[in-house]
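To be precise, the following lines are protein02.txt, and they hold compact mmCIF, C-alpha atoms.
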# COMPACT_ATOMS: atom_id res chain seq x y z
CA MET A 1 18.98 177.21 141.80
CA GLN A 2 17.47 175.37 144.76
CA HIS A 3 19.55 172.81 146.64
CA VAL A 4 19.39 169.02 146.39
CA TRP A 5 19.56 166.87 149.52
CA LEU A 6 20.06 163.19 150.15
CA ILE A 7 17.78 162.37 153.10
CA ARG A 8 17.21 158.77 154.08
CA ALA A 9 13.97 157.29 155.37
CA GLY A 10 15.60 154.93 157.86
CA VAL A 11 18.77 152.88 157.65
CA GLU A 12 17.39 150.66 154.88
CA ALA A 13 14.54 152.97 153.82
CA GLU A 14 12.21 150.93 156.02
CA TYR A 15 10.10 154.04 156.69
CA ILE A 16 9.82 155.36 153.16
CA ASP A 17 6.27 154.13 152.59
CA PRO A 18 4.92 155.57 155.89
CA MET A 19 6.67 158.87 155.11
CA ARG A 20 5.17 158.93 151.62
CA GLN A 21 1.73 158.29 153.06
CA ALA A 22 2.22 161.06 155.64
CA GLY A 23 3.65 163.49 153.07
CA ILE A 24 6.81 164.13 155.09
CA ILE A 25 10.53 163.52 155.24
CA ALA A 26 11.91 163.10 158.74
CA LEU A 27 15.09 162.66 160.77
CA ARG A 28 15.58 160.65 163.93
CA ASP A 29 17.63 162.30 166.67
CA ASP A 30 16.63 161.16 170.14
CA GLU A 31 19.14 163.45 171.87
CA PHE A 32 17.26 166.63 171.03
CA GLY A 33 13.75 167.93 171.33
CA ASP A 34 12.34 170.74 169.23
CA ALA A 35 15.36 172.05 167.29
CA LEU A 36 13.79 175.50 167.02
CA ALA A 37 13.52 175.74 170.81
CA GLU A 38 17.05 174.43 171.28
CA LEU A 39 18.48 177.17 169.08
CA VAL A 40 16.64 180.13 170.63
CA VAL A 41 19.30 182.70 171.55
CA PRO A 42 18.68 184.64 174.80
CA LEU A 43 18.62 188.43 174.58
CA ASP A 44 21.74 188.80 176.72
CA GLN A 45 23.75 186.37 174.59
CA THR A 46 26.20 187.41 171.92
CA PRO A 47 24.71 186.79 168.44
CA GLY A 48 26.33 183.90 166.66
CA GLU A 49 27.09 181.97 169.84
CA PRO A 50 25.18 178.73 170.59
CA ALA A 51 22.19 179.11 172.88
CA ASP A 52 23.58 176.52 175.29
CA ALA A 53 25.76 173.44 175.47
CA VAL A 54 23.02 171.25 174.02
CA ALA A 55 22.62 173.45 170.97
CA ALA A 56 26.39 173.62 170.59
CA THR A 57 26.58 169.86 170.25
CA MET A 58 23.50 169.50 168.09
CA GLY A 59 24.16 167.14 165.22
CA THR A 60 25.28 168.65 161.94
CA GLU A 61 22.57 166.78 160.08
CA LEU A 62 19.82 168.17 162.29
CA LYS A 63 21.22 171.69 161.96
CA SER A 64 21.20 171.38 158.19
CA PHE A 65 17.68 169.96 158.27
CA LEU A 66 16.53 172.96 160.31
CA ASN A 67 18.50 175.84 158.79
CA GLU A 68 19.73 174.89 155.32
CA VAL A 69 16.99 172.75 153.81
CA LYS A 70 14.55 175.20 152.22
CA GLN A 71 11.12 175.07 150.70
CA GLY A 72 11.41 174.09 147.03
CA ASP A 73 14.58 172.02 147.48
CA ILE A 74 14.75 168.52 145.99
CA VAL A 75 15.02 165.57 148.37
CA VAL A 76 16.56 162.33 147.08
CA THR A 77 15.61 159.25 149.11
CA PRO A 78 17.00 155.87 147.98
CA ASN A 79 15.14 152.65 148.67
CA PRO A 80 17.80 149.94 148.28
CA LYS A 81 15.38 147.08 148.97
CA ARG A 82 13.26 147.87 145.89
CA HIS A 83 16.08 149.53 143.93
CA GLU A 84 14.16 152.82 143.76
CA VAL A 85 15.45 156.38 144.09
CA TRP A 86 12.56 158.60 145.21
CA LEU A 87 12.38 162.34 144.53
CA SER A 88 10.32 164.84 146.49
CA LEU A 89 10.08 168.62 146.88
CA VAL A 90 10.25 170.35 150.26
CA ALA A 91 6.83 171.95 150.76
CA GLY A 92 7.20 173.70 154.12
CA GLU A 93 9.16 174.58 157.23
CA TYR A 94 10.68 172.41 159.94
CA LEU A 95 8.18 170.93 162.39
CA TYR A 96 8.86 169.08 165.62
CA ASP A 97 6.23 166.39 166.17
CA PRO A 98 6.10 165.17 169.80
CA ASN A 99 3.75 162.35 168.75
CA PRO A 100 5.16 161.28 165.40
CA ALA A 101 3.43 158.88 163.05
CA ILE A 102 6.77 157.06 162.78
CA ASP A 103 8.24 156.21 166.16
CA GLY A 104 11.33 158.30 166.93
CA TYR A 105 11.14 160.47 163.80
CA ARG A 106 10.06 163.73 165.43
CA HIS A 107 12.02 166.15 163.23
CA THR A 108 9.92 166.57 160.11
CA ARG A 109 9.36 168.65 157.02
CA PRO A 110 6.37 168.41 154.68
CA VAL A 111 7.30 167.26 151.18
CA THR A 112 5.54 166.46 147.93
CA TRP A 113 6.56 163.01 146.75
CA LEU A 114 6.98 163.05 142.96
CA GLY A 115 8.05 159.53 142.01
CA TRP A 116 11.07 157.27 141.72
CA LEU A 117 13.88 156.49 139.30
CA ASP A 118 15.29 153.05 138.59
CA ARG A 119 18.42 152.55 140.70
CA ASP A 120 19.80 150.07 138.14
CA ALA A 121 19.35 152.25 135.05
CA ARG A 122 22.56 152.95 133.12
CA TRP A 123 22.15 156.70 133.41
CA MET A 124 22.04 156.37 137.23
CA VAL A 125 25.50 154.82 137.46
CA GLU A 126 27.30 158.16 137.85
CA GLN A 127 25.02 159.10 140.76
CA SER A 128 25.41 155.83 142.66
CA LYS A 129 28.47 156.89 144.63
CA ALA A 130 26.72 160.01 145.92
CA ILE A 131 23.44 158.35 146.88
CA ASP A 132 25.16 155.37 148.52
CA GLN A 133 26.85 157.51 151.17
CA PRO A 134 26.08 156.05 154.64
CA VAL A 135 24.63 159.26 156.09
CA ALA A 136 21.13 160.36 157.07
CA LEU A 137 21.41 163.76 155.36
CA ILE A 138 23.92 165.37 153.03
CA GLU A 139 23.79 167.89 150.21
CA LEU A 140 24.20 166.62 146.64
CA TYR A 141 26.02 169.01 144.34
CA ASN A 142 25.05 167.70 140.92
CA ARG A 143 22.01 169.98 141.05
CA GLU A 144 21.34 170.44 137.35
CA TRP A 145 21.25 166.70 136.73
CA TRP A 146 18.72 166.10 139.52
CA TRP A 147 16.53 169.01 138.45
CA LYS A 148 16.33 167.60 134.93
CA GLN A 149 14.96 164.36 136.37
CA LEU A 150 11.82 166.15 137.55
CA ASP A 151 10.68 166.27 133.92
CA SER A 152 12.00 162.82 133.08
CA THR A 153 9.68 160.27 131.51
CA GLU A 154 11.51 157.70 133.66
CA LEU A 155 9.92 159.11 136.83
CA THR A 156 7.40 156.55 138.11
CA THR A 157 4.78 157.30 140.75
CA VAL A 158 3.65 153.77 141.69
CA ALA A 159 6.07 151.95 143.98
CA ARG A 160 7.35 148.52 143.10
CA ALA A 161 5.74 145.68 145.01
CA THR A 162 9.06 143.83 145.17
CA TRP A 163 12.32 143.71 143.29
CA ALA A 164 14.14 140.71 141.85
CA PRO A 165 17.29 140.69 139.70
CA GLU A 166 16.78 140.01 136.04
CA ARG A 167 17.94 136.59 134.93
CA PRO A 168 20.17 136.58 131.84
CA ALA A 169 18.60 135.04 128.79
CA ARG A 170 19.65 131.45 128.26
CA GLN A 171 21.76 131.09 125.15
CA ARG A 172 22.09 127.98 123.06
CA SER A 173 25.57 126.56 122.82
CA THR A 174 27.23 126.79 119.42
CA THR A 175 29.64 123.95 120.30
CA PRO A 176 28.79 120.72 118.47
CA SER A 177 27.45 118.06 120.78
CA THR A 178 29.74 115.10 121.48
CA ARG A 179 26.95 112.88 122.72
CA LYS A 180 26.08 109.89 120.55
CA PRO A 181 22.51 109.79 119.28
CA LYS A 182 20.29 107.18 120.84
CA LEU A 183 19.64 104.10 118.73
CA VAL A 184 15.99 103.62 117.88
CA VAL A 185 15.08 99.93 117.98
CA PRO A 186 12.21 99.20 115.59
CA VAL A 187 9.23 97.50 117.14
CA LYS A 188 8.32 94.22 115.44
CA PRO A 189 4.67 93.96 114.45
CA LYS A 190 2.67 91.42 116.37
CA VAL A 191 1.98 88.32 114.25
CA THR A 192 -1.37 86.58 114.69
CA PRO A 193 -0.95 82.78 114.53
CA MET A 194 -2.75 80.89 111.76
CA VAL A 195 -5.66 78.60 112.68
CA LEU A 196 -6.45 75.24 111.06
CA CYS A 197 -9.78 75.10 109.26
CA ALA A 198 -12.23 72.61 110.80
CA GLY A 199 -13.45 71.59 107.33
CA ARG A 200 -12.12 69.15 104.78
CA CYS A 201 -9.54 71.50 103.20
CA GLY A 202 -7.00 70.93 105.96
CA LEU A 203 -5.50 74.40 105.45
CA GLN A 204 -4.52 77.12 107.94
CA TRP A 205 -6.19 80.52 107.77
CA ASN A 206 -6.15 83.89 109.51
CA PRO A 207 -8.67 83.71 112.35
CA PRO A 208 -10.84 86.62 111.08
CA ILE A 209 -11.53 84.69 107.86
CA LEU A 210 -12.96 81.64 109.62
CA VAL A 211 -16.64 81.52 110.51
CA ASN A 212 -17.59 78.83 112.99
CA GLY A 213 -14.12 77.40 112.35
CA LEU A 214 -14.71 76.99 108.58
CA CYS A 215 -12.91 78.73 105.73
CA PRO A 216 -14.79 80.19 102.74
CA ASP A 217 -14.07 77.07 100.63
CA CYS A 218 -15.48 74.70 103.20
CA ARG A 219 -18.46 76.95 103.77
CA GLY A 220 -19.15 77.03 100.03
CA ASP A 221 -18.93 80.86 99.83

Produce structure tokens that represent the structure in this file.
Amino acid sequence: MQHVWLIRAGVEAEYIDPMRQAGIIALRDDEFGDALAELVVPLDQTPGEPADAVAATMGTELKSFLNEVKQGDIVVTPNPKRHEVWLSLVAGEYLYDPNPAIDGYRHTRPVTWLGWLDRDARWMVEQSKAIDQPVALIELYNREWWWKQLDSTELTTVARATWAPERPARQRSTTPSTRKPKLVVPVKPKVTPMVLCAGRCGLQWNPPILVNGLCPDCRGD
């Protein structure tokens, strides 16, 4: 079975989108140039010995990236900002890029980006300790689990725009309320004052009944 590698795209995955667009995974190591050239062994040198002092002190991560990462291996690249865990497959050999698309990341390998898994999913909990290791490159040994994820329906190809924590649903309290209900004060209807008829009856009437100040009796209706 092919190997599985945790390879980060920057300290906080800040370069994951440029790497996805370029179809690569890359390491930053400013102390070394082309790792292939650094590890060339002269003909008069004993096999197995480092080519020179520079090669002898070459970082372990860069050595693994050059010699141990193979075509067909899975690369796991977490993106903590969007809570994504991206998977890709190594598609080719090591390449030193003197003019990299991402400044400083000259040590590259072509990869095929497959998609991402939800970092917060329950079934990812057991993998969190491994993928949270503060290293640029390390081998992950739960190979079978990661290989199964390549066929997972949870694998998503479109990156999240942003990520925000889910707010818990607001629950209604089952405790009886101790607040006293507000008293509703009834509104008194407005009373229209009675008007004295201008005729001989001398009685008071509702204003709408009077016509020219006269009641129906005085008008002879």

Residue contacts of Pro165 in chain A (12 Å, only C-alpha atoms) excluding same-chain residues fewer than 5 positions away, as number ranges by chain: A: 81-83, 119-120

Who sits within 6 Å of range 84-94 of chain A, only C-alpha atoms, same chain under 4 positions skipped, as a PyMOL selection string: chain A and resi 66+71-79+108-119

Selected residue, from A:Val4, A:Val69, A:Val184, A:Ala13, that lies nearest to Lys148 in chain A when counting only C-alpha atoms: A:Val4

Point-to-point distance in Å for CA of Val125 in chain A and CA of Ala26 in chain A: 26.6 Å

Atom pair CA of Asp34 in chain A / CA of Asp17 in chain A: separation (Å):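 Separation of CA of Asp34 in chain A and CA of Asp17 in chain A: 24.3 Å.
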
Interatomic distance, CA of Glu139 in chain A to CA of Glu14 in chain A (Å, one decimal):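 These atoms are spaced 21.3 Å apart.
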
Determine, counting all atoms listed in the file, which protein, DNA and RNA residues have an atom within 10 Å of an atom of Tyr141 in chain A; residues of the same chain fewer than 2 positions away are not included. Present the result as a short mmCIF file (atom, residue, chain, number, x, y, z; two decimals) with C-alpha atoms, in the coordinates of the input.
data_model
loop_
_atom_site.label_atom_id
_atom_site.label_comp_id
_atom_site.auth_asym_id
_atom_site.auth_seq_id
_atom_site.Cartn_x
_atom_site.Cartn_y
_atom_site.Cartn_z
CA HIS A 3 19.55 172.81 146.64
CA VAL A 4 19.39 169.02 146.39
CA TRP A 5 19.56 166.87 149.52
CA ALA A 130 26.72 160.01 145.92
CA ILE A 138 23.92 165.37 153.03
CA GLU A 139 23.79 167.89 150.21
CA ARG A 143 22.01 169.98 141.05
CA GLU A 144 21.34 170.44 137.35
CA TRP A 145 21.25 166.70 136.73
CA TRP A 146 18.72 166.10 139.52
#

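The shell of residues at most 12 Å from Gln204 in chain A, with only C-alpha atoms counted and near chain neighbours (fewer than 3 positions) removed, consists of Pro193, Met194, Val195, Leu196, Cys197, Ala198, Gly199, Arg200, Cys201, Pro207, Pro208, Ile209, Leu210, Gly213, Leu214, Cys215 and Pro216 of chain A.
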
Distance criterion (all atoms listed in the file): nearest to Ser152 in chain A out of A:Trp205, A:Tyr15, A:Phe32, A:Trp123: A:Trp123

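Compared by their closest atoms to Leu140 in chain A, and using all atoms listed in the file, the residues A:Leu6, A:Glu12, A:Leu36, A:Thr157 rank with A:Leu6 nearest.
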
Exercise: Val135 in chain A partners within 10 Å, all atoms listed in the file, chain neighbours under 5 positions left out, as a list in words: Leu6, Ile7, Arg8, Val11 and Glu61 of chain A

Each side padded by 6 Å, which centre and which edge lengths in Å (one decimal) define the axis-aligned box around the listed atoms of range 123-133 of chain A? Give them as lines of an AutoDock Vina configuration file.
center_x = 25.3
center_y = 157.4
center_z = 142.3
size_x = 18.4
size_y = 17.2
size_z = 29.8
